[in-house]
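Structure first, then comments.
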Amino acid sequence: MEPSFFYKQLNLHNLNFFTGVPDSLLKDFCACISDKTDKIFNITAANEGNAIALAASYYLATGKSGIVFMQNSGLGNCINPLTSLTNSETYSIPFLMLIGWRGEPGTKDEPQHIEPGKLTLDFLNTLGIPYSILPTTEEEVIEVIKKAVSYMNKNLSPYALVVRKETFDKYEIQNEKIKQGKQITDFPLNREYAIQLITSLLQDRDIIVSTTGKTSRELFEYRATNNQGHHQDFLTVGSMGHSSSIALGIALQKPARNVYCFDGDGAFIMHMGSLATIGYYQPRNFKHVVINNFSHDSVGGQPTAAEAINIPLIAEACGYKIVFSAETADEIITRMKELQSVEGPALLEIRVKKGARKELGRPTRTPSQNKKDFMCHLMS
Ligand SMILES: Cc1ncc(C[n+]2csc(CCOP(=O)(O)OP(=O)(O)O)c2C)c(N)n1
């Protein structure tokens, strides 16, 4: 389906406020939204639960329903506001959910998508949220939107549209400003180069906990290419935003090992509260490396709120002992040397440009093999 067609049909029903966290299955529709919608009507939320709250407050302020977009893995982040803010026993607030269905049973997908894929419709049933699978023919789409809107208006409750892989056609952004992106993404290095460089500077006994998306894929490929084995690395393939808490837990239990968290700006922002916990517990061996490309690069490059915040200063305010920022290879090398020897918690922000190799692979070892190798390395 043409993203513009869907956008137009939603608009005909006065559905023109969007908020959510992007997903690869929705990237062309998200591109269409950003092309055609003013910033205050298109809010990239820190996490999917925040997006539900934003749609709820949009309704409180305007009396109109909003649209919340997300990957199905984000449903977990929504359970609390869906069951204690917008449901009929509390404030009964309507909005339309647009859920990318990764791991749909019968399709091939990565291990972290299998369980969310199996549970997506069951979750919606348990939550009492009626849904339709988003069709692709224009007549059916018109009907499904009518049905959703009539349900939302009558029941003052959410309705979900579940979006299968390849539902949307490619969307070419027309708006020149959005097409060019911000000049803040014009940094000399990209994420993959930064990962290769920082990993090459670590010691054999160091530990890495890497974040969701292409960071973990690039780290995996670096190890494979250099025949290093993957035992030093815990790849957080799902559970976006939780790498820093995983790294914290390991750092506290293994005080003699340096524990590096390779984070992304989107993941960092998604569960930024973990910084307060890290600051509170002061693990001396905790080293946070945030690779900041100012975007959700792994799922389409949609901007995060990173341009509005100062990541090193946030860490410092949370109690990190030392914080740095770097952009060039020389700066990274200097800062990594310091990071290795300083007492943490410490943070290095590496500002990079967006983008990844087209032929980037995926981990060929399963999460359970990764866990075994990693635990063995931790015990050694
Ligand atoms: C809870 C949850 N929401 C959304 C996603 C989809 N997702 C996977 S990677 C990613 C982008 C991560 O952005 P960032 O941390 O900045 O790293 P980058 O891809 O830019 O390197 C998103 C949104 C997810 N896996 N889990």
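Letters A, B, ... go to the chains of the structure tokens in the order shown; residues in each chain start at 1; ligands are counted from 1 in the same order.
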
DSSP on the backbone: what in segment 22-147 of chain A comes out strand (DSSP E), as a compact mmCIF listing (two decimals) with N, CA and C atoms, in the first residue's frame?
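Result file follows (selection29.txt):
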# COMPACT_ATOMS: atom_id res chain seq x y z
N ASN A 42 3.91 15.08 15.49
CA ASN A 42 4.64 13.84 15.19
C ASN A 42 5.77 13.71 16.21
N ILE A 43 5.44 13.06 17.32
CA ILE A 43 6.39 13.04 18.43
C ILE A 43 7.03 11.65 18.57
N THR A 44 8.35 11.62 18.37
CA THR A 44 9.07 10.38 18.65
C THR A 44 9.24 10.30 20.16
N GLY A 66 -5.44 10.14 18.90
CA GLY A 66 -4.15 10.15 18.22
C GLY A 66 -3.81 8.76 17.70
N ILE A 67 -2.63 8.67 17.11
CA ILE A 67 -2.15 7.38 16.60
C ILE A 67 -0.82 7.07 17.28
N VAL A 68 -0.70 5.84 17.79
CA VAL A 68 0.55 5.41 18.43
C VAL A 68 1.17 4.31 17.57
N PHE A 69 2.39 4.56 17.07
CA PHE A 69 3.05 3.53 16.24
C PHE A 69 4.19 2.88 17.02
N MET A 70 4.40 1.62 16.76
CA MET A 70 5.46 0.90 17.50
C MET A 70 5.74 -0.45 16.84
N GLN A 71 6.86 -1.01 17.22
CA GLN A 71 7.13 -2.41 16.92
C GLN A 71 6.42 -3.25 17.98
N PHE A 95 -7.50 5.79 21.09
CA PHE A 95 -6.42 6.10 20.14
C PHE A 95 -6.24 4.88 19.26
N LEU A 96 -5.58 5.11 18.15
CA LEU A 96 -5.34 4.01 17.21
C LEU A 96 -3.90 3.55 17.35
N MET A 97 -3.74 2.24 17.54
CA MET A 97 -2.37 1.70 17.64
C MET A 97 -1.98 1.10 16.30
N LEU A 98 -0.77 1.37 15.88
CA LEU A 98 -0.25 0.81 14.64
C LEU A 98 0.96 -0.02 15.03
N ILE A 99 0.82 -1.33 14.91
CA ILE A 99 1.85 -2.21 15.51
C ILE A 99 2.54 -3.04 14.43
N GLY A 100 3.85 -2.83 14.28
CA GLY A 100 4.63 -3.63 13.33
C GLY A 100 4.77 -5.06 13.87
N TYR A 131 -8.61 -5.64 17.28
CA TYR A 131 -7.61 -5.32 16.27
C TYR A 131 -8.04 -5.83 14.90
N SER A 132 -7.41 -5.31 13.89
CA SER A 132 -7.49 -5.87 12.54
C SER A 132 -6.09 -5.95 12.01
N ILE A 133 -5.86 -6.92 11.13
CA ILE A 133 -4.59 -6.92 10.40
C ILE A 133 -4.77 -5.88 9.30

Q.
Distance limit 6 Å, reference ligand 1, atoms considered: only C-alpha atoms and all ligand atoms. Which residues make the cut? Give them as a ChimeraX atom specification.
A. /A:21-23,71,73-74,212-215,238-240,264-267,293,295-299

Q: Do a neighbour search on segment 258-262 of chain A at 9 Å with only C-alpha atoms, toss out local chain neighbours closer than 6 positions, and write the hits as a list in words.
A: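 My list of contacting residues is Ile195, Gln203, Arg205, Asp206, Ile207, Ile208, Val209, Ser210, Thr211, Thr215, Ser216, Ser243, Ser244, Ile246, Ala247, Leu248, Ile250, Ala251, Arg284, Asn285, Phe286, Lys287, His288, Val289, Val290, Ile291 and Gln340 of chain A.
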
(Q) My list of candidates is A:Thr136, A:Ile114, A:Phe6, A:Met270. Which is closest to Ala305 of chain A when distances are computed with only C-alpha atoms? (A)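 Closest candidate: A:Met270.
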
Q: For atom CA of Ser245 of chain A and atom CA of Ser368 of chain A, quote the distance in Å rounded to one decimal.
A: 19.6 Å

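Our summary of the geometry notes that atom CA of Asn190 of chain A is positioned 22.6 Å from atom CA of Asn227 of chain A.
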
Find the residues near Cys376 of chain A: any atom within 12 Å, counting only C-alpha atoms, skip ones fewer than 3 places away on the same chain, and give them as a PDB file with all heavy atoms, in the first residue's frame.
ATOM      1  N   ARG A 205      40.287  -9.658  28.771  1.00  0.00           N
ATOM      2  CA  ARG A 205      39.390  -9.992  29.890  1.00  0.00           C
ATOM      3  C   ARG A 205      38.228  -9.008  30.037  1.00  0.00           C
ATOM      4  O   ARG A 205      37.364  -9.171  30.898  1.00  0.00           O
ATOM      5  CB  ARG A 205      40.188 -10.084  31.200  1.00  0.00           C
ATOM      6  CG  ARG A 205      41.007 -11.379  31.234  1.00  0.00           C
ATOM      7  CD  ARG A 205      41.749 -11.564  32.526  1.00  0.00           C
ATOM      8  NE  ARG A 205      40.910 -11.584  33.723  1.00  0.00           N
ATOM      9  CZ  ARG A 205      40.126 -12.596  34.085  1.00  0.00           C
ATOM     10  NH1 ARG A 205      40.044 -13.665  33.336  1.00  0.00           N
ATOM     11  NH2 ARG A 205      39.418 -12.526  35.201  1.00  0.00           N
ATOM     12  N   ILE A 207      34.741  -6.996  29.265  1.00  0.00           N
ATOM     13  CA  ILE A 207      33.387  -7.471  28.945  1.00  0.00           C
ATOM     14  C   ILE A 207      32.678  -6.366  28.155  1.00  0.00           C
ATOM     15  O   ILE A 207      32.821  -5.190  28.486  1.00  0.00           O
ATOM     16  CB  ILE A 207      32.580  -7.669  30.264  1.00  0.00           C
ATOM     17  CG1 ILE A 207      33.303  -8.586  31.248  1.00  0.00           C
ATOM     18  CG2 ILE A 207      31.150  -8.100  29.999  1.00  0.00           C
ATOM     19  CD1 ILE A 207      33.492  -9.966  30.749  1.00  0.00           C
ATOM     20  N   HIS A 230      33.202 -14.930  20.340  1.00  0.00           N
ATOM     21  CA  HIS A 230      32.209 -13.924  20.754  1.00  0.00           C
ATOM     22  C   HIS A 230      32.000 -13.913  22.264  1.00  0.00           C
ATOM     23  O   HIS A 230      31.072 -13.299  22.760  1.00  0.00           O
ATOM     24  CB  HIS A 230      30.876 -14.198  20.034  1.00  0.00           C
ATOM     25  CG  HIS A 230      31.036 -14.258  18.549  1.00  0.00           C
ATOM     26  ND1 HIS A 230      31.084 -13.138  17.759  1.00  0.00           N
ATOM     27  CD2 HIS A 230      31.220 -15.309  17.719  1.00  0.00           C
ATOM     28  CE1 HIS A 230      31.280 -13.494  16.496  1.00  0.00           C
ATOM     29  NE2 HIS A 230      31.370 -14.800  16.442  1.00  0.00           N
ATOM     30  N   HIS A 231      32.893 -14.646  22.977  1.00  0.00           N
ATOM     31  CA  HIS A 231      32.679 -14.871  24.410  1.00  0.00           C
ATOM     32  C   HIS A 231      32.753 -13.609  25.270  1.00  0.00           C
ATOM     33  O   HIS A 231      32.214 -13.579  26.365  1.00  0.00           O
ATOM     34  CB  HIS A 231      33.696 -15.893  24.916  1.00  0.00           C
ATOM     35  CG  HIS A 231      35.099 -15.545  24.500  1.00  0.00           C
ATOM     36  ND1 HIS A 231      35.590 -15.861  23.246  1.00  0.00           N
ATOM     37  CD2 HIS A 231      36.076 -14.893  25.144  1.00  0.00           C
ATOM     38  CE1 HIS A 231      36.845 -15.411  23.143  1.00  0.00           C
ATOM     39  NE2 HIS A 231      37.154 -14.815  24.280  1.00  0.00           N
ATOM     40  N   GLN A 232      33.410 -12.554  24.780  1.00  0.00           N
ATOM     41  CA  GLN A 232      33.516 -11.332  25.610  1.00  0.00           C
ATOM     42  C   GLN A 232      32.249 -10.479  25.540  1.00  0.00           C
ATOM     43  O   GLN A 232      32.111  -9.524  26.294  1.00  0.00           O
ATOM     44  CB  GLN A 232      34.690 -10.474  25.118  1.00  0.00           C
ATOM     45  CG  GLN A 232      36.052 -11.001  25.496  1.00  0.00           C
ATOM     46  CD  GLN A 232      37.148 -10.109  24.940  1.00  0.00           C
ATOM     47  OE1 GLN A 232      37.764 -10.453  23.944  1.00  0.00           O
ATOM     48  NE2 GLN A 232      37.398  -8.965  25.562  1.00  0.00           N
ATOM     49  N   ASP A 233      31.382 -10.809  24.591  1.00  0.00           N
ATOM     50  CA  ASP A 233      30.285  -9.889  24.260  1.00  0.00           C
ATOM     51  C   ASP A 233      28.916 -10.466  24.613  1.00  0.00           C
ATOM     52  O   ASP A 233      28.593 -11.574  24.191  1.00  0.00           O
ATOM     53  CB  ASP A 233      30.281  -9.595  22.752  1.00  0.00           C
ATOM     54  CG  ASP A 233      31.681  -9.305  22.232  1.00  0.00           C
ATOM     55  OD1 ASP A 233      32.480  -8.736  22.995  1.00  0.00           O
ATOM     56  OD2 ASP A 233      31.955  -9.672  21.067  1.00  0.00           O
ATOM     57  N   PHE A 234      28.135  -9.695  25.331  1.00  0.00           N
ATOM     58  CA  PHE A 234      26.728 -10.046  25.506  1.00  0.00           C
ATOM     59  C   PHE A 234      25.933  -9.169  24.551  1.00  0.00           C
ATOM     60  O   PHE A 234      25.933  -7.931  24.679  1.00  0.00           O
ATOM     61  CB  PHE A 234      26.269  -9.815  26.957  1.00  0.00           C
ATOM     62  CG  PHE A 234      24.855 -10.262  27.160  1.00  0.00           C
ATOM     63  CD1 PHE A 234      24.561 -11.597  27.435  1.00  0.00           C
ATOM     64  CD2 PHE A 234      23.803  -9.357  27.024  1.00  0.00           C
ATOM     65  CE1 PHE A 234      23.243 -12.026  27.583  1.00  0.00           C
ATOM     66  CE2 PHE A 234      22.483  -9.783  27.172  1.00  0.00           C
ATOM     67  CZ  PHE A 234      22.207 -11.113  27.454  1.00  0.00           C
ATOM     68  N   GLN A 369      23.618 -19.862  22.748  1.00  0.00           N
ATOM     69  CA  GLN A 369      25.071 -20.107  22.611  1.00  0.00           C
ATOM     70  C   GLN A 369      25.861 -18.898  23.112  1.00  0.00           C
ATOM     71  O   GLN A 369      26.871 -19.028  23.799  1.00  0.00           O
ATOM     72  CB  GLN A 369      25.422 -20.365  21.139  1.00  0.00           C
ATOM     73  CG  GLN A 369      24.953 -21.712  20.638  1.00  0.00           C
ATOM     74  CD  GLN A 369      25.042 -21.813  19.115  1.00  0.00           C
ATOM     75  OE1 GLN A 369      24.920 -20.821  18.388  1.00  0.00           O
ATOM     76  NE2 GLN A 369      25.255 -23.023  18.630  1.00  0.00           N
ATOM     77  N   ASN A 370      25.381 -17.711  22.773  1.00  0.00           N
ATOM     78  CA  ASN A 370      26.014 -16.467  23.228  1.00  0.00           C
ATOM     79  C   ASN A 370      26.081 -16.446  24.759  1.00  0.00           C
ATOM     80  O   ASN A 370      27.118 -16.163  25.353  1.00  0.00           O
ATOM     81  CB  ASN A 370      25.225 -15.277  22.665  1.00  0.00           C
ATOM     82  CG  ASN A 370      25.756 -13.902  23.098  1.00  0.00           C
ATOM     83  OD1 ASN A 370      25.018 -12.942  23.150  1.00  0.00           O
ATOM     84  ND2 ASN A 370      27.035 -13.778  23.407  1.00  0.00           N
ATOM     85  N   LYS A 371      24.961 -16.822  25.388  1.00  0.00           N
ATOM     86  CA  LYS A 371      24.897 -16.805  26.857  1.00  0.00           C
ATOM     87  C   LYS A 371      25.916 -17.759  27.464  1.00  0.00           C
ATOM     88  O   LYS A 371      26.651 -17.402  28.389  1.00  0.00           O
ATOM     89  CB  LYS A 371      23.480 -17.189  27.316  1.00  0.00           C
ATOM     90  CG  LYS A 371      23.306 -17.194  28.805  1.00  0.00           C
ATOM     91  CD  LYS A 371      21.947 -17.682  29.239  1.00  0.00           C
ATOM     92  CE  LYS A 371      21.892 -19.190  29.292  1.00  0.00           C
ATOM     93  NZ  LYS A 371      20.645 -19.720  29.836  1.00  0.00           N
ATOM     94  N   LYS A 372      25.979 -18.977  26.914  1.00  0.00           N
ATOM     95  CA  LYS A 372      26.912 -19.989  27.453  1.00  0.00           C
ATOM     96  C   LYS A 372      28.356 -19.511  27.350  1.00  0.00           C
ATOM     97  O   LYS A 372      29.112 -19.554  28.315  1.00  0.00           O
ATOM     98  CB  LYS A 372      26.762 -21.295  26.652  1.00  0.00           C
ATOM     99  CG  LYS A 372      25.949 -22.321  27.377  1.00  0.00           C
ATOM    100  CD  LYS A 372      26.096 -23.676  26.708  1.00  0.00           C
ATOM    101  CE  LYS A 372      24.723 -24.296  26.592  1.00  0.00           C
ATOM    102  NZ  LYS A 372      24.492 -25.060  25.398  1.00  0.00           N
ATOM    103  N   ASP A 373      28.743 -19.074  26.156  1.00  0.00           N
ATOM    104  CA  ASP A 373      30.135 -18.617  25.938  1.00  0.00           C
ATOM    105  C   ASP A 373      30.463 -17.457  26.871  1.00  0.00           C
ATOM    106  O   ASP A 373      31.537 -17.383  27.452  1.00  0.00           O
ATOM    107  CB  ASP A 373      30.324 -18.099  24.490  1.00  0.00           C
ATOM    108  CG  ASP A 373      30.069 -19.178  23.464  1.00  0.00           C
ATOM    109  OD1 ASP A 373      30.027 -20.366  23.834  1.00  0.00           O
ATOM    110  OD2 ASP A 373      29.901 -18.824  22.272  1.00  0.00           O
ATOM    111  N   MET A 379      33.220 -16.463  34.161  1.00  0.00           N
ATOM    112  CA  MET A 379      33.688 -17.334  35.277  1.00  0.00           C
ATOM    113  C   MET A 379      35.213 -17.479  35.235  1.00  0.00           C
ATOM    114  O   MET A 379      35.799 -17.903  36.219  1.00  0.00           O
ATOM    115  CB  MET A 379      33.101 -18.753  35.180  1.00  0.00           C
ATOM    116  CG  MET A 379      31.593 -18.839  35.139  1.00  0.00           C
ATOM    117  SD  MET A 379      30.864 -18.091  36.613  1.00  0.00           S
ATOM    118  CE  MET A 379      29.188 -17.935  36.082  1.00  0.00           C
ATOM    119  N   SER A 380      35.823 -17.227  34.071  1.00  0.00           N
ATOM    120  CA  SER A 380      37.258 -17.561  33.922  1.00  0.00           C
ATOM    121  C   SER A 380      38.149 -16.585  34.677  1.00  0.00           C
ATOM    122  O   SER A 380      37.777 -15.460  34.958  1.00  0.00           O
ATOM    123  CB  SER A 380      37.628 -17.572  32.455  1.00  0.00           C
ATOM    124  OG  SER A 380      37.505 -16.254  31.930  1.00  0.00           O
TER     125      SER A 380
END

Q: Check the smallest atom-to-atom distance from each of A:Thr328, A:Asn226, A:Thr334, A:Asn80 to Ala194 of chain A using only C-alpha atoms, then report the winner.
A: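 Comparing A:Thr328, A:Asn226, A:Thr334, A:Asn80 against Ala194 of chain A, the winner is A:Thr328.
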
Q) Excluding same-chain residues fewer than 6 positions from segment 31-33 of chain A, what lies within 12 Å of it counting only C-alpha atoms, as a PyMOL selection string? A) chain A and resi 2-8+10-11+15-20+22-25+39-44+67+69+168-175+178-179+181+299-303

Q: Determine the nearest neighbour of Ser65 of chain A from the options A:Val323, A:Leu252, A:Ala315, A:Leu156, counting only C-alpha atoms.
A: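 The answer is A:Leu156, which sits nearest to Ser65 of chain A.
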
Q | Counting only C-alpha atoms, the residue of A:Glu89, A:Pro345, A:Ala306, A:Ser325 that sits nearest Ile278 of chain A | A | A:Pro345

Which residues are close to Ala326 of chain A, i.e. within 7 Å by only C-alpha atoms, leaving aside same-chain residues fewer than 2 positions away? Reply as a compact mmCIF listing (two decimals) with N, CA and C atoms, in the first residue's frame.
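around11.txt, written as the output of this step:
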# COMPACT_ATOMS: atom_id res chain seq x y z
N PHE A 324 33.34 12.02 28.68
CA PHE A 324 34.04 12.58 27.53
C PHE A 324 33.15 12.52 26.31
N THR A 328 36.61 12.06 16.28
CA THR A 328 37.61 11.58 15.32
C THR A 328 38.28 10.32 15.88
N GLU A 331 40.74 11.20 18.63
CA GLU A 331 40.06 11.51 19.92
C GLU A 331 39.58 10.21 20.58
N ILE A 332 39.06 9.30 19.77
CA ILE A 332 38.54 8.05 20.34
C ILE A 332 39.70 7.28 21.00
N GLU A 349 30.92 9.56 24.97
CA GLU A 349 29.96 9.70 23.87
C GLU A 349 30.78 9.78 22.58
N ILE A 350 30.43 8.96 21.60
CA ILE A 350 31.11 9.06 20.30
C ILE A 350 30.06 9.52 19.29
N ARG A 351 30.28 10.70 18.74
CA ARG A 351 29.31 11.25 17.78
C ARG A 351 29.68 10.76 16.39

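Considering the residues A:Leu235, A:Leu347, A:Ala329, A:Met152 and counting only C-alpha atoms, Glu218 of chain A has its shortest atom-to-atom contact with A:Leu235.
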
(Q) When you look at Cys318 of chain A with a cut-off of 9 Å (counting only C-alpha atoms), what residues show up, excluding the ones that are within fewer than 2 positions of it in the same chain? I need them as JSON, numbers by chain. (A) {"A": [275, 276, 277, 278, 279, 280, 313, 314, 315, 316, 320]}

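The spacing separating atom CA of Ala224 of chain A from atom CA of Thr364 of chain A amounts to 9.6 Å.
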
Q | From A:Glu359, A:Glu327, A:Asp35, A:Glu307, residue lying nearest Phe187 of chain A [only C-alpha atoms] | A | A:Glu327

Each segment 72-177 of chain A residue no farther than 7 Å from segment 52-60 of chain A, nearest pair in Å, only C-alpha atoms, as a tab-separated table:
residue	atom	partner	partner_atom	distance
A:Cys78	CA	A:Ile52	CA	6.8
A:Pro81	CA	A:Ile52	CA	6.6
A:Thr86	CA	A:Ala56	CA	6.8
A:Ile93	CA	A:Ala56	CA	6.2
A:Phe95	CA	A:Ala55	CA	6.7
